[in-house]
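J.: Shown below is the structure under consideration.
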Amino acid sequence: MLINAIGGSITGGAFNQHPFSVTVNFGEVGPANQNGIVSAVIPLQLRSSDSYQLTAQVTSGNFNFADSEAVQPSDIGFGLQNIREAGNGGNLKTNPDPVTNSVITSGFDNDPRISIDTSALRASYPGTLADLLNPVLVMRGPRISSSGGLGGNNCSNCGILADAILAIKPQYFSPGSLSVTITFTID
Amino acid sequence: MVNKRYFFVTAQFLMAAAFFLLATQSARAQVTDSGTVTMSGSVAAAFRISSGGAATVTGATVTGDAFNTRPLAVTLAFGDVGPANTNSIVSATVPVQIRSNAAYKVVAQMTSNTFDSADTDAIQATDVGFGITNLRAAGDGAGLTTTAVSGSTIAATIAHDPVSEVVTSGLRASFPSTLSSVSASTQVLSGPRLTKASQENKANNGLLFDTKIAIVPQYFSTGNFSATVTLTISAP
């Protein structure tokens, strides 16, 4: 789901898509976009036969670090929210319940659209892509899937879902273009 | 002994093999998986013009915009500018605020008017002094680039204060620049990128300048007049 974008789009990420791959085009994020915060909500589905950890990393990007007035990784808020069962959760492991016992790492356990701080000249967020320039643990928990739910990637009720939320507030950034890839890895 | 020794070695081998199998099964249970989110976006050159604050006026009335109002729209009613108005000059100062993330220029143009050009004794565009002065940072200027103020230049033809520079030595008062100076689209201001990466409508990331308009009440032909000046900011 892409919100407040001008000239943006989002492709990929259909339920159960594997390998998971989503492309988000935020469109215009300069002052020409007067719509407020541009954001994308991307549901991630996780399954595991053991306790798990989810790491995230910016694996590629074309940030112009030489120009501090251009869009920087710290200008893109990132958070995880809304852990829930996929489908009816009938093939989730119980005791411990992977939904209630999964933990989002502090700093990322927020919705950047709500936790955004606009008091300074430049908007800021508790968690941003600047925090993901190296692999970072963003979520962890106990075994997710029961043995009955491990038959393949198309099981509709053996995973848990969490929303990855990306947000950027249009500002007087230097003109240019932006491209970033975040890789999520579960092990 | 030989047999026992052989059994021991075999047992050792079997134990090692069993451990290898367990280790293999354990490794298989730890299957790593990954997915990607690729994002992109763009920033276009952007230019903004808005109110720099309430207009101030002497000898007239004004309705206009509070600071940061956009689009800028100020209406000045000069009232009577004939001899019935015994003030020496009627004037207005309209603060204008501009922002940009790239080099810019501002052009001014009188886009409409009702001056009676057929009657030279009626008020004309040349009777209305018009100038731009007082480039300065909005607020503490923390959101401006270091060259925003110093690098901006008012066109020499328009860089006048019509109040202080009015010439009253002739029959008809005159000004170094007037609405006639902007009867066509005229560049009045230019400069480098103004605004750092920052949010819209902050109190200190804009450049301010004053647009000054003045009329000396005189024995103009009776009647009414109106004029609209449009300021436009864009890339040079």
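Residue names in the structure tokens use chain letters A, B, ... in the order shown, residue numbers from 1 in each chain, and ligand numbers from 1 in the order shown.
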Can I get the residues of chain B within 8 Å of chain A, each with the closest pair of atoms and their distance in Å to one decimal, using only C-alpha atoms, sorted chain first then ascending number, as a Markdown table?
T.:
```
| residue | atom | partner | partner_atom | distance |
| --- | --- | --- | --- | --- |
| B:Ala29 | CA | A:Ser49 | CA | 7.1 |
| B:Gln30 | CA | A:Asp187 | CA | 6.3 |
| B:Val31 | CA | A:Asp187 | CA | 6.3 |
| B:Thr32 | CA | A:Asp187 | CA | 4.5 |
| B:Asp33 | CA | A:Ile186 | CA | 5.4 |
| B:Ser34 | CA | A:Thr185 | CA | 4.1 |
| B:Gly35 | CA | A:Phe20 | CA | 4.4 |
| B:Thr36 | CA | A:Thr183 | CA | 4.4 |
| B:Val37 | CA | A:Val22 | CA | 4.7 |
| B:Thr38 | CA | A:Thr181 | CA | 4.1 |
| B:Met39 | CA | A:Val24 | CA | 4.3 |
| B:Ser40 | CA | A:Ser179 | CA | 4.1 |
| B:Gly41 | CA | A:Gly27 | CA | 4.6 |
| B:Ser42 | CA | A:Ser177 | CA | 4.1 |
| B:Val43 | CA | A:Pro175 | CA | 4.6 |
| B:Ala44 | CA | A:Pro175 | CA | 5.0 |
| B:Ala45 | CA | A:Pro175 | CA | 5.4 |
| B:Ala46 | CA | A:Pro31 | CA | 6.1 |
| B:Ser100 | CA | A:Tyr172 | CA | 7.1 |
| B:Asn101 | CA | A:Tyr172 | CA | 5.4 |
| B:Ala102 | CA | A:Ser174 | CA | 7.3 |
| B:Gly143 | CA | A:Leu121 | CA | 6.5 |
| B:Thr195 | CA | A:Tyr172 | CA | 6.4 |
| B:Lys196 | CA | A:Glu69 | CA | 5.9 |
| B:Ala197 | CA | A:Phe173 | CA | 4.4 |
| B:Ser198 | CA | A:Arg122 | CA | 4.4 |
| B:Gln199 | CA | A:Gln171 | CA | 4.7 |
| B:Glu200 | CA | A:Gln171 | CA | 6.3 |
| B:Lys202 | CA | A:Leu121 | CA | 6.8 |
| B:Asn205 | CA | A:Leu121 | CA | 7.9 |
```
J.: Okay, now the selection with N, CA, C and O atoms, as a compact mmCIF listing (two decimals), in the first residue's frame?
T.:
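Output contents, as saved in again32.txt:
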```txt
# COMPACT_ATOMS: atom_id res chain seq x y z
N ALA B 29 18.12 -27.75 9.25
CA ALA B 29 17.01 -27.08 9.92
C ALA B 29 17.18 -25.57 9.90
O ALA B 29 16.22 -24.83 10.01
N GLN B 30 18.41 -25.10 9.75
CA GLN B 30 18.67 -23.67 9.75
C GLN B 30 18.76 -23.15 8.32
O GLN B 30 19.81 -22.79 7.83
N VAL B 31 17.64 -23.16 7.64
CA VAL B 31 17.63 -22.68 6.26
C VAL B 31 17.41 -21.17 6.27
O VAL B 31 16.42 -20.68 6.79
N THR B 32 18.36 -20.48 5.71
CA THR B 32 18.23 -19.02 5.63
C THR B 32 17.42 -18.64 4.40
O THR B 32 17.53 -19.28 3.36
N ASP B 33 16.60 -17.66 4.56
CA ASP B 33 15.82 -17.18 3.43
C ASP B 33 15.86 -15.65 3.45
O ASP B 33 16.06 -15.03 4.49
N SER B 34 15.65 -15.07 2.29
CA SER B 34 15.69 -13.61 2.25
C SER B 34 14.73 -13.08 1.20
O SER B 34 14.27 -13.81 0.31
N GLY B 35 14.41 -11.84 1.31
CA GLY B 35 13.57 -11.14 0.34
C GLY B 35 14.01 -9.70 0.27
O GLY B 35 14.78 -9.23 1.12
N THR B 36 13.56 -9.02 -0.73
CA THR B 36 14.03 -7.65 -0.92
C THR B 36 12.88 -6.66 -1.10
O THR B 36 11.81 -7.00 -1.63
N VAL B 37 13.12 -5.46 -0.65
CA VAL B 37 12.26 -4.31 -0.95
C VAL B 37 13.14 -3.29 -1.64
O VAL B 37 14.14 -2.84 -1.07
N THR B 38 12.82 -2.99 -2.86
CA THR B 38 13.58 -1.98 -3.61
C THR B 38 12.71 -0.74 -3.73
O THR B 38 11.54 -0.83 -4.11
N MET B 39 13.28 0.39 -3.39
CA MET B 39 12.50 1.62 -3.46
C MET B 39 13.24 2.67 -4.26
O MET B 39 14.46 2.65 -4.37
N SER B 40 12.47 3.55 -4.81
CA SER B 40 13.04 4.64 -5.59
C SER B 40 12.18 5.88 -5.40
O SER B 40 11.08 5.83 -4.86
N GLY B 41 12.69 6.98 -5.84
CA GLY B 41 11.96 8.24 -5.76
C GLY B 41 12.75 9.31 -6.45
O GLY B 41 13.84 9.06 -6.98
N SER B 42 12.20 10.48 -6.48
CA SER B 42 12.89 11.58 -7.15
C SER B 42 12.55 12.89 -6.47
O SER B 42 11.55 13.00 -5.77
N VAL B 43 13.42 13.85 -6.70
CA VAL B 43 13.19 15.21 -6.20
C VAL B 43 13.37 16.16 -7.37
O VAL B 43 14.43 16.21 -7.98
N ALA B 44 12.32 16.86 -7.70
CA ALA B 44 12.39 17.84 -8.77
C ALA B 44 12.79 19.20 -8.21
O ALA B 44 12.62 19.46 -7.01
N ALA B 45 13.35 20.03 -9.05
CA ALA B 45 13.62 21.40 -8.63
C ALA B 45 12.31 22.05 -8.23
O ALA B 45 11.30 21.90 -8.91
N ALA B 46 12.32 22.74 -7.11
CA ALA B 46 11.07 23.31 -6.58
C ALA B 46 11.28 24.76 -6.18
O ALA B 46 12.33 25.11 -5.64
N SER B 100 13.60 27.73 -2.37
CA SER B 100 13.92 26.91 -3.54
C SER B 100 14.97 25.87 -3.16
O SER B 100 15.72 26.07 -2.20
N ASN B 101 14.99 24.79 -3.90
CA ASN B 101 16.06 23.80 -3.72
C ASN B 101 17.02 23.83 -4.92
O ASN B 101 17.79 22.88 -5.12
N ALA B 102 16.96 24.91 -5.67
CA ALA B 102 17.85 25.09 -6.82
C ALA B 102 17.96 26.58 -7.10
O ALA B 102 17.20 27.39 -6.55
N GLY B 143 17.63 27.51 8.18
CA GLY B 143 17.28 26.60 7.10
C GLY B 143 17.67 27.11 5.73
O GLY B 143 17.29 26.52 4.71
N THR B 195 17.14 27.07 -0.03
CA THR B 195 16.66 26.32 1.12
C THR B 195 17.42 25.01 1.29
O THR B 195 17.59 24.25 0.34
N LYS B 196 17.86 24.77 2.51
CA LYS B 196 18.47 23.48 2.82
C LYS B 196 17.39 22.39 2.81
O LYS B 196 16.20 22.69 2.78
N ALA B 197 17.84 21.16 2.86
CA ALA B 197 16.89 20.06 2.99
C ALA B 197 16.10 20.27 4.27
O ALA B 197 16.64 20.14 5.38
N SER B 198 14.87 20.65 4.14
CA SER B 198 14.05 20.97 5.30
C SER B 198 12.60 20.98 4.88
O SER B 198 12.26 20.93 3.69
N GLN B 199 11.75 21.06 5.86
CA GLN B 199 10.32 20.94 5.61
C GLN B 199 9.72 22.25 5.10
O GLN B 199 10.22 23.33 5.36
N GLU B 200 8.59 22.06 4.42
CA GLU B 200 7.85 23.21 3.92
C GLU B 200 7.34 24.05 5.10
O GLU B 200 7.03 23.52 6.16
N LYS B 202 8.57 26.05 7.26
CA LYS B 202 9.31 26.36 8.48
C LYS B 202 9.52 27.88 8.54
O LYS B 202 9.49 28.57 7.52
N ASN B 205 13.46 28.97 6.85
CA ASN B 205 14.12 28.41 5.67
C ASN B 205 13.71 29.16 4.39
O ASN B 205 13.79 28.61 3.30
```
J.: DSSP on the backbone, then: every residue of stretch 11-164 of chain A marked alpha helix (DSSP H), written as a list of chain:residue names.
T.: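 Answer for stretch 11-164 of chain A, restricted to alpha helix (DSSP H): A:Pro98, A:Val99, A:Thr100, A:Asn101, A:Pro112, A:Arg113, A:Ile114, A:Ser115.
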J.: Go ahead and save the picked residues with C-alpha atoms, as a tab-separated table (two decimals), in the first residue's frame.
T.:
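The result, written out as selection.tsv:
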```tsv
chain	number	residue	atom	x	y	z
A	98	PRO	CA	4.87	-16.87	17.84
A	99	VAL	CA	2.62	-13.83	17.52
A	100	THR	CA	2.73	-12.68	21.10
A	101	ASN	CA	6.26	-13.87	21.69
A	112	PRO	CA	7.33	6.13	11.24
A	113	ARG	CA	4.26	7.95	9.95
A	114	ILE	CA	3.19	8.51	13.54
A	115	SER	CA	6.55	8.70	15.30
```
J.: What does the distance between atom CA of A:Pro96 and atom CA of A:Ile144 come to in Å, to one decimal place?
T.: 9.0 Å
J.: Can you pull out the residues contacting A:Pro43? Cut-off 9 Å, using only C-alpha atoms, and skip same-chain residues under 5 positions away; I want them as a ChimeraX atom specification.
T.: /A:13,15,161-165
J.: Which polymer residues have any atom within 6 Å of an atom of stretch 184-193 of chain B, counting only C-alpha atoms, with same-chain residues fewer than 4 positions away left out, as a list in words?
T.: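 Once the adjacent positions are removed, what remains is Ser100, Asn101, Ala102, Ala103, Tyr104, Lys105, Val106, Val107, Ala108, Gln109, Gly151, Ser152, Thr153, Ile154 and Ala155 of chain B.
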J.: Selected residues, all heavy atoms, written as a JSON list (two decimals), in the first residue's frame, please.
T.:
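Below is the file part-v2.json, written as the result:
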```json
[["chain", "number", "residue", "atom", "x", "y", "z"],
["B", 100, "SER", "N", 13.60, 27.73, -2.37],
["B", 100, "SER", "CA", 13.92, 26.91, -3.54],
["B", 100, "SER", "C", 14.97, 25.87, -3.16],
["B", 100, "SER", "O", 15.72, 26.07, -2.20],
["B", 100, "SER", "CB", 14.45, 27.77, -4.69],
["B", 100, "SER", "OG", 15.79, 28.14, -4.46],
["B", 101, "ASN", "N", 14.99, 24.79, -3.90],
["B", 101, "ASN", "CA", 16.06, 23.80, -3.72],
["B", 101, "ASN", "C", 17.02, 23.83, -4.92],
["B", 101, "ASN", "O", 17.79, 22.88, -5.12],
["B", 101, "ASN", "CB", 15.50, 22.40, -3.50],
["B", 101, "ASN", "CG", 14.74, 21.88, -4.70],
["B", 101, "ASN", "OD1", 14.51, 22.61, -5.66],
["B", 101, "ASN", "ND2", 14.33, 20.62, -4.64],
["B", 102, "ALA", "N", 16.96, 24.91, -5.67],
["B", 102, "ALA", "CA", 17.85, 25.09, -6.82],
["B", 102, "ALA", "C", 17.96, 26.58, -7.10],
["B", 102, "ALA", "O", 17.20, 27.39, -6.55],
["B", 102, "ALA", "CB", 17.29, 24.35, -8.04],
["B", 103, "ALA", "N", 18.91, 26.94, -7.94],
["B", 103, "ALA", "CA", 19.06, 28.34, -8.31],
["B", 103, "ALA", "C", 17.74, 28.86, -8.88],
["B", 103, "ALA", "O", 16.98, 28.12, -9.48],
["B", 103, "ALA", "CB", 20.18, 28.49, -9.33],
["B", 104, "TYR", "N", 17.50, 30.14, -8.70],
["B", 104, "TYR", "CA", 16.17, 30.68, -9.01],
["B", 104, "TYR", "C", 16.25, 32.06, -9.65],
["B", 104, "TYR", "O", 17.29, 32.73, -9.63],
["B", 104, "TYR", "CB", 15.36, 30.79, -7.71],
["B", 104, "TYR", "CG", 15.81, 31.96, -6.86],
["B", 104, "TYR", "CD1", 15.15, 33.19, -6.93],
["B", 104, "TYR", "CD2", 16.93, 31.87, -6.04],
["B", 104, "TYR", "CE1", 15.58, 34.28, -6.18],
["B", 104, "TYR", "CE2", 17.37, 32.95, -5.30],
["B", 104, "TYR", "CZ", 16.69, 34.16, -5.38],
["B", 104, "TYR", "OH", 17.14, 35.24, -4.66],
["B", 105, "LYS", "N", 15.12, 32.47, -10.17],
["B", 105, "LYS", "CA", 14.92, 33.86, -10.54],
["B", 105, "LYS", "C", 13.47, 34.22, -10.22],
["B", 105, "LYS", "O", 12.59, 33.34, -10.19],
["B", 105, "LYS", "CB", 15.20, 34.11, -12.03],
["B", 105, "LYS", "CG", 14.20, 33.45, -12.95],
["B", 105, "LYS", "CD", 14.45, 33.82, -14.41],
["B", 105, "LYS", "CE", 13.41, 33.16, -15.31],
["B", 105, "LYS", "NZ", 13.66, 33.41, -16.74],
["B", 106, "VAL", "N", 13.25, 35.48, -9.94],
["B", 106, "VAL", "CA", 11.89, 35.99, -9.74],
["B", 106, "VAL", "C", 11.63, 37.03, -10.82],
["B", 106, "VAL", "O", 12.44, 37.94, -11.02],
["B", 106, "VAL", "CB", 11.73, 36.63, -8.35],
["B", 106, "VAL", "CG1", 10.34, 37.26, -8.21],
["B", 106, "VAL", "CG2", 11.94, 35.59, -7.26],
["B", 107, "VAL", "N", 10.52, 36.87, -11.49],
["B", 107, "VAL", "CA", 10.12, 37.88, -12.48],
["B", 107, "VAL", "C", 8.84, 38.54, -11.99],
["B", 107, "VAL", "O", 8.03, 37.92, -11.28],
["B", 107, "VAL", "CB", 9.91, 37.28, -13.89],
["B", 107, "VAL", "CG1", 11.20, 36.68, -14.42],
["B", 107, "VAL", "CG2", 8.80, 36.26, -13.88],
["B", 108, "ALA", "N", 8.71, 39.80, -12.31],
["B", 108, "ALA", "CA", 7.50, 40.55, -11.96],
["B", 108, "ALA", "C", 6.88, 41.07, -13.24],
["B", 108, "ALA", "O", 7.58, 41.41, -14.20],
["B", 108, "ALA", "CB", 7.86, 41.72, -11.04],
["B", 109, "GLN", "N", 5.57, 41.10, -13.24],
["B", 109, "GLN", "CA", 4.87, 41.65, -14.40],
["B", 109, "GLN", "C", 3.53, 42.21, -13.96],
["B", 109, "GLN", "O", 2.79, 41.58, -13.19],
["B", 109, "GLN", "CB", 4.65, 40.58, -15.47],
["B", 109, "GLN", "CG", 3.97, 41.17, -16.72],
["B", 109, "GLN", "CD", 3.86, 40.17, -17.85],
["B", 109, "GLN", "OE1", 3.99, 38.97, -17.64],
["B", 109, "GLN", "NE2", 3.61, 40.66, -19.04],
["B", 151, "GLY", "N", 24.16, 35.80, -1.90],
["B", 151, "GLY", "CA", 24.26, 35.49, -3.33],
["B", 151, "GLY", "C", 23.07, 35.92, -4.15],
["B", 151, "GLY", "O", 23.07, 35.79, -5.38],
["B", 152, "SER", "N", 22.05, 36.44, -3.49],
["B", 152, "SER", "CA", 20.86, 36.89, -4.22],
["B", 152, "SER", "C", 21.03, 38.36, -4.63],
["B", 152, "SER", "O", 21.60, 39.16, -3.88],
["B", 152, "SER", "CB", 19.61, 36.72, -3.37],
["B", 152, "SER", "OG", 19.32, 35.34, -3.20],
["B", 153, "THR", "N", 20.53, 38.69, -5.78],
["B", 153, "THR", "CA", 20.72, 40.03, -6.33],
["B", 153, "THR", "C", 19.41, 40.60, -6.86],
["B", 153, "THR", "O", 18.73, 39.96, -7.68],
["B", 153, "THR", "CB", 21.74, 39.99, -7.49],
["B", 153, "THR", "OG1", 22.96, 39.41, -7.02],
["B", 153, "THR", "CG2", 22.03, 41.40, -8.01],
["B", 154, "ILE", "N", 19.09, 41.78, -6.38],
["B", 154, "ILE", "CA", 17.93, 42.49, -6.93],
["B", 154, "ILE", "C", 18.38, 43.22, -8.19],
["B", 154, "ILE", "O", 19.45, 43.85, -8.21],
["B", 154, "ILE", "CB", 17.38, 43.51, -5.92],
["B", 154, "ILE", "CG1", 16.99, 42.81, -4.61],
["B", 154, "ILE", "CG2", 16.17, 44.25, -6.49],
["B", 154, "ILE", "CD1", 16.67, 43.77, -3.47],
["B", 155, "ALA", "N", 17.59, 43.12, -9.22],
["B", 155, "ALA", "CA", 17.94, 43.82, -10.47],
["B", 155, "ALA", "C", 18.09, 45.31, -10.20],
["B", 155, "ALA", "O", 17.27, 45.91, -9.51],
["B", 155, "ALA", "CB", 16.86, 43.57, -11.52]]
```
J.: Can you list, as a ChimeraX atom specification, every protein, DNA or RNA residue that comes within 10 Å of B:Asp116 when you count only C-alpha atoms, leaving out same-chain residues fewer than 2 positions away?
T.: /B:113-114,118-125,221,223-225
J.: Export, as a CSV table (one decimal), in the first residue's frame, the selected residues with all heavy atoms.
T.:
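Resulting contents of out_18.csv:
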```csv
chain,number,residue,atom,x,y,z
B,113,ASN,N,-4.4,46.0,-15.6
B,113,ASN,CA,-4.5,47.3,-15.0
B,113,ASN,C,-5.6,48.0,-15.7
B,113,ASN,O,-6.1,47.6,-16.8
B,113,ASN,CB,-3.2,48.1,-15.2
B,113,ASN,CG,-2.9,48.5,-16.6
B,113,ASN,OD1,-3.4,49.5,-17.1
B,113,ASN,ND2,-2.2,47.7,-17.4
B,114,THR,N,-6.1,49.1,-15.1
B,114,THR,CA,-7.1,49.9,-15.7
B,114,THR,C,-6.7,51.4,-15.8
B,114,THR,O,-7.5,52.3,-15.8
B,114,THR,CB,-8.4,49.8,-14.8
B,114,THR,OG1,-8.1,50.4,-13.5
B,114,THR,CG2,-9.0,48.4,-14.7
B,118,ALA,N,-5.3,57.1,-22.2
B,118,ALA,CA,-5.8,58.1,-23.1
B,118,ALA,C,-5.8,59.5,-22.5
B,118,ALA,O,-5.8,60.5,-23.1
B,118,ALA,CB,-7.2,57.8,-23.7
B,119,ASP,N,-5.8,59.5,-21.2
B,119,ASP,CA,-5.8,60.7,-20.4
B,119,ASP,C,-4.5,60.8,-19.7
B,119,ASP,O,-4.4,60.3,-18.6
B,119,ASP,CB,-7.0,60.8,-19.5
B,119,ASP,CG,-7.1,62.0,-18.6
B,119,ASP,OD1,-6.2,62.9,-18.8
B,119,ASP,OD2,-7.9,62.1,-17.7
B,120,THR,N,-3.6,61.6,-20.2
B,120,THR,CA,-2.3,61.7,-19.5
B,120,THR,C,-2.3,62.3,-18.2
B,120,THR,O,-1.4,62.2,-17.4
B,120,THR,CB,-1.3,62.4,-20.4
B,120,THR,OG1,-1.8,63.8,-20.7
B,120,THR,CG2,-1.1,61.7,-21.7
B,121,ASP,N,-3.4,63.0,-17.9
B,121,ASP,CA,-3.5,63.6,-16.5
B,121,ASP,C,-4.2,62.7,-15.5
B,121,ASP,O,-4.3,63.1,-14.3
B,121,ASP,CB,-4.3,64.9,-16.7
B,121,ASP,CG,-3.5,66.0,-17.3
B,121,ASP,OD1,-2.3,66.2,-16.9
B,121,ASP,OD2,-4.0,66.6,-18.3
B,122,ALA,N,-4.6,61.6,-16.0
B,122,ALA,CA,-5.1,60.6,-15.0
B,122,ALA,C,-3.9,59.8,-14.5
B,122,ALA,O,-2.8,59.9,-15.0
B,122,ALA,CB,-6.0,59.6,-15.8
B,123,ILE,N,-4.1,59.1,-13.4
B,123,ILE,CA,-3.0,58.4,-12.8
B,123,ILE,C,-2.5,57.3,-13.8
B,123,ILE,O,-3.3,56.7,-14.4
B,123,ILE,CB,-3.3,57.8,-11.4
B,123,ILE,CG1,-2.1,57.2,-10.8
B,123,ILE,CG2,-4.4,56.8,-11.6
B,123,ILE,CD1,-2.3,56.8,-9.3
B,124,GLN,N,-1.2,57.2,-14.0
B,124,GLN,CA,-0.6,56.3,-14.9
B,124,GLN,C,0.3,55.3,-14.2
B,124,GLN,O,0.6,55.5,-13.0
B,124,GLN,CB,0.2,57.0,-16.0
B,124,GLN,CG,-0.5,58.1,-16.7
B,124,GLN,CD,-1.6,57.4,-17.6
B,124,GLN,OE1,-1.4,56.4,-18.2
B,124,GLN,NE2,-2.8,58.1,-17.7
B,125,ALA,N,0.7,54.3,-14.9
B,125,ALA,CA,1.6,53.3,-14.2
B,125,ALA,C,2.9,54.0,-13.8
B,125,ALA,O,3.5,53.6,-12.8
B,125,ALA,CB,1.9,52.2,-15.2
B,221,SER,N,-6.7,63.3,-12.8
B,221,SER,CA,-8.1,63.3,-13.2
B,221,SER,C,-8.9,62.4,-12.3
B,221,SER,O,-8.4,61.4,-11.8
B,221,SER,CB,-8.2,62.8,-14.6
B,221,SER,OG,-7.4,63.7,-15.5
B,223,GLY,N,-11.3,59.6,-11.0
B,223,GLY,CA,-11.6,58.3,-11.5
B,223,GLY,C,-11.0,57.2,-10.6
B,223,GLY,O,-10.5,57.5,-9.5
B,224,ASN,N,-11.1,56.0,-11.0
B,224,ASN,CA,-10.5,54.8,-10.3
B,224,ASN,C,-9.4,54.2,-11.1
B,224,ASN,O,-9.4,54.3,-12.3
B,224,ASN,CB,-11.6,53.8,-10.0
B,224,ASN,CG,-12.8,54.4,-9.2
B,224,ASN,OD1,-12.5,55.1,-8.2
B,224,ASN,ND2,-14.0,54.2,-9.6
B,225,PHE,N,-8.6,53.4,-10.4
B,225,PHE,CA,-7.6,52.6,-11.1
B,225,PHE,C,-7.4,51.3,-10.3
B,225,PHE,O,-7.7,51.2,-9.1
B,225,PHE,CB,-6.3,53.4,-11.2
B,225,PHE,CG,-5.5,53.4,-10.0
B,225,PHE,CD1,-4.5,52.5,-9.7
B,225,PHE,CD2,-5.7,54.4,-9.0
B,225,PHE,CE1,-3.8,52.6,-8.5
B,225,PHE,CE2,-5.0,54.5,-7.9
B,225,PHE,CZ,-4.0,53.5,-7.6
```
J.: I'd like the interatomic distance between atom CA of B:Ser150 and atom CA of B:Thr56, to a tenth of an Å.
T.: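 Computing it gives 25.3 Å between the two atoms.
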J.: Can you work out the spacing between atom CA of B:Ile89 and atom CA of B:Ala55 in Å, to one decimal?
T.: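 If I compute the distance from atom CA of B:Ile89 to atom CA of B:Ala55, I get 16.5 Å.
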J.: Write out as a ChimeraX atom specification all residues of stretch 35-118 of chain B that backbone DSSP assigns to strand (DSSP E or B).
T.: /B:35-43,47-51,56-58,61-63,75-77,90-100,104-113
J.: How close does each residue of stretch 36-85 of chain B get to stretch 130-142 of chain B, giving the shortest atom pair and distance in Å to one decimal for every residue with an atom at most 12 Å away, counting only C-alpha atoms, sorted by chain and residue number, as JSON lines?
T.:
```
{"residue": "B:Ser50", "atom": "CA", "partner": "B:Ala138", "partner_atom": "CA", "distance": 11.9}
{"residue": "B:Ser51", "atom": "CA", "partner": "B:Ala138", "partner_atom": "CA", "distance": 11.2}
{"residue": "B:Gly52", "atom": "CA", "partner": "B:Ala138", "partner_atom": "CA", "distance": 8.0}
{"residue": "B:Gly53", "atom": "CA", "partner": "B:Ala138", "partner_atom": "CA", "distance": 10.0}
{"residue": "B:Phe67", "atom": "CA", "partner": "B:Ala138", "partner_atom": "CA", "distance": 10.0}
{"residue": "B:Asn68", "atom": "CA", "partner": "B:Ala138", "partner_atom": "CA", "distance": 10.3}
```
J.: How about saving the chosen residues, all heavy atoms kept, as a PDB file, in the first residue's frame?
T.:
```
ATOM      1  N   SER B  50       5.586  32.903  -1.261  1.00  0.00           N
ATOM      2  CA  SER B  50       4.485  33.008  -0.307  1.00  0.00           C
ATOM      3  C   SER B  50       4.588  34.334   0.417  1.00  0.00           C
ATOM      4  O   SER B  50       5.532  35.103   0.207  1.00  0.00           O
ATOM      5  CB  SER B  50       4.540  31.848   0.699  1.00  0.00           C
ATOM      6  OG  SER B  50       5.751  31.892   1.427  1.00  0.00           O
ATOM      7  N   SER B  51       3.632  34.563   1.274  1.00  0.00           N
ATOM      8  CA  SER B  51       3.650  35.810   2.026  1.00  0.00           C
ATOM      9  C   SER B  51       4.800  35.801   3.018  1.00  0.00           C
ATOM     10  O   SER B  51       5.071  34.806   3.688  1.00  0.00           O
ATOM     11  CB  SER B  51       2.334  35.984   2.778  1.00  0.00           C
ATOM     12  OG  SER B  51       2.433  37.075   3.652  1.00  0.00           O
ATOM     13  N   GLY B  52       5.453  36.941   3.128  1.00  0.00           N
ATOM     14  CA  GLY B  52       6.516  37.079   4.122  1.00  0.00           C
ATOM     15  C   GLY B  52       6.035  37.746   5.389  1.00  0.00           C
ATOM     16  O   GLY B  52       6.836  38.067   6.258  1.00  0.00           O
ATOM     17  N   GLY B  53       4.731  37.934   5.493  1.00  0.00           N
ATOM     18  CA  GLY B  53       4.163  38.570   6.678  1.00  0.00           C
ATOM     19  C   GLY B  53       3.117  39.576   6.253  1.00  0.00           C
ATOM     20  O   GLY B  53       2.872  39.789   5.060  1.00  0.00           O
ATOM     21  N   PHE B  67       2.129  35.392   7.498  1.00  0.00           N
ATOM     22  CA  PHE B  67       3.382  34.750   7.145  1.00  0.00           C
ATOM     23  C   PHE B  67       3.147  33.332   6.633  1.00  0.00           C
ATOM     24  O   PHE B  67       2.373  32.580   7.206  1.00  0.00           O
ATOM     25  CB  PHE B  67       4.275  34.724   8.394  1.00  0.00           C
ATOM     26  CG  PHE B  67       5.631  34.143   8.174  1.00  0.00           C
ATOM     27  CD1 PHE B  67       6.590  34.839   7.465  1.00  0.00           C
ATOM     28  CD2 PHE B  67       5.963  32.900   8.689  1.00  0.00           C
ATOM     29  CE1 PHE B  67       7.849  34.309   7.258  1.00  0.00           C
ATOM     30  CE2 PHE B  67       7.215  32.368   8.498  1.00  0.00           C
ATOM     31  CZ  PHE B  67       8.165  33.074   7.784  1.00  0.00           C
ATOM     32  N   ASN B  68       3.805  33.003   5.557  1.00  0.00           N
ATOM     33  CA  ASN B  68       3.788  31.642   4.991  1.00  0.00           C
ATOM     34  C   ASN B  68       2.544  31.318   4.186  1.00  0.00           C
ATOM     35  O   ASN B  68       2.378  30.174   3.758  1.00  0.00           O
ATOM     36  CB  ASN B  68       3.965  30.567   6.068  1.00  0.00           C
ATOM     37  CG  ASN B  68       5.414  30.154   6.211  1.00  0.00           C
ATOM     38  OD1 ASN B  68       6.208  30.330   5.289  1.00  0.00           O
ATOM     39  ND2 ASN B  68       5.766  29.600   7.359  1.00  0.00           N
TER      40      ASN B  68
END
```
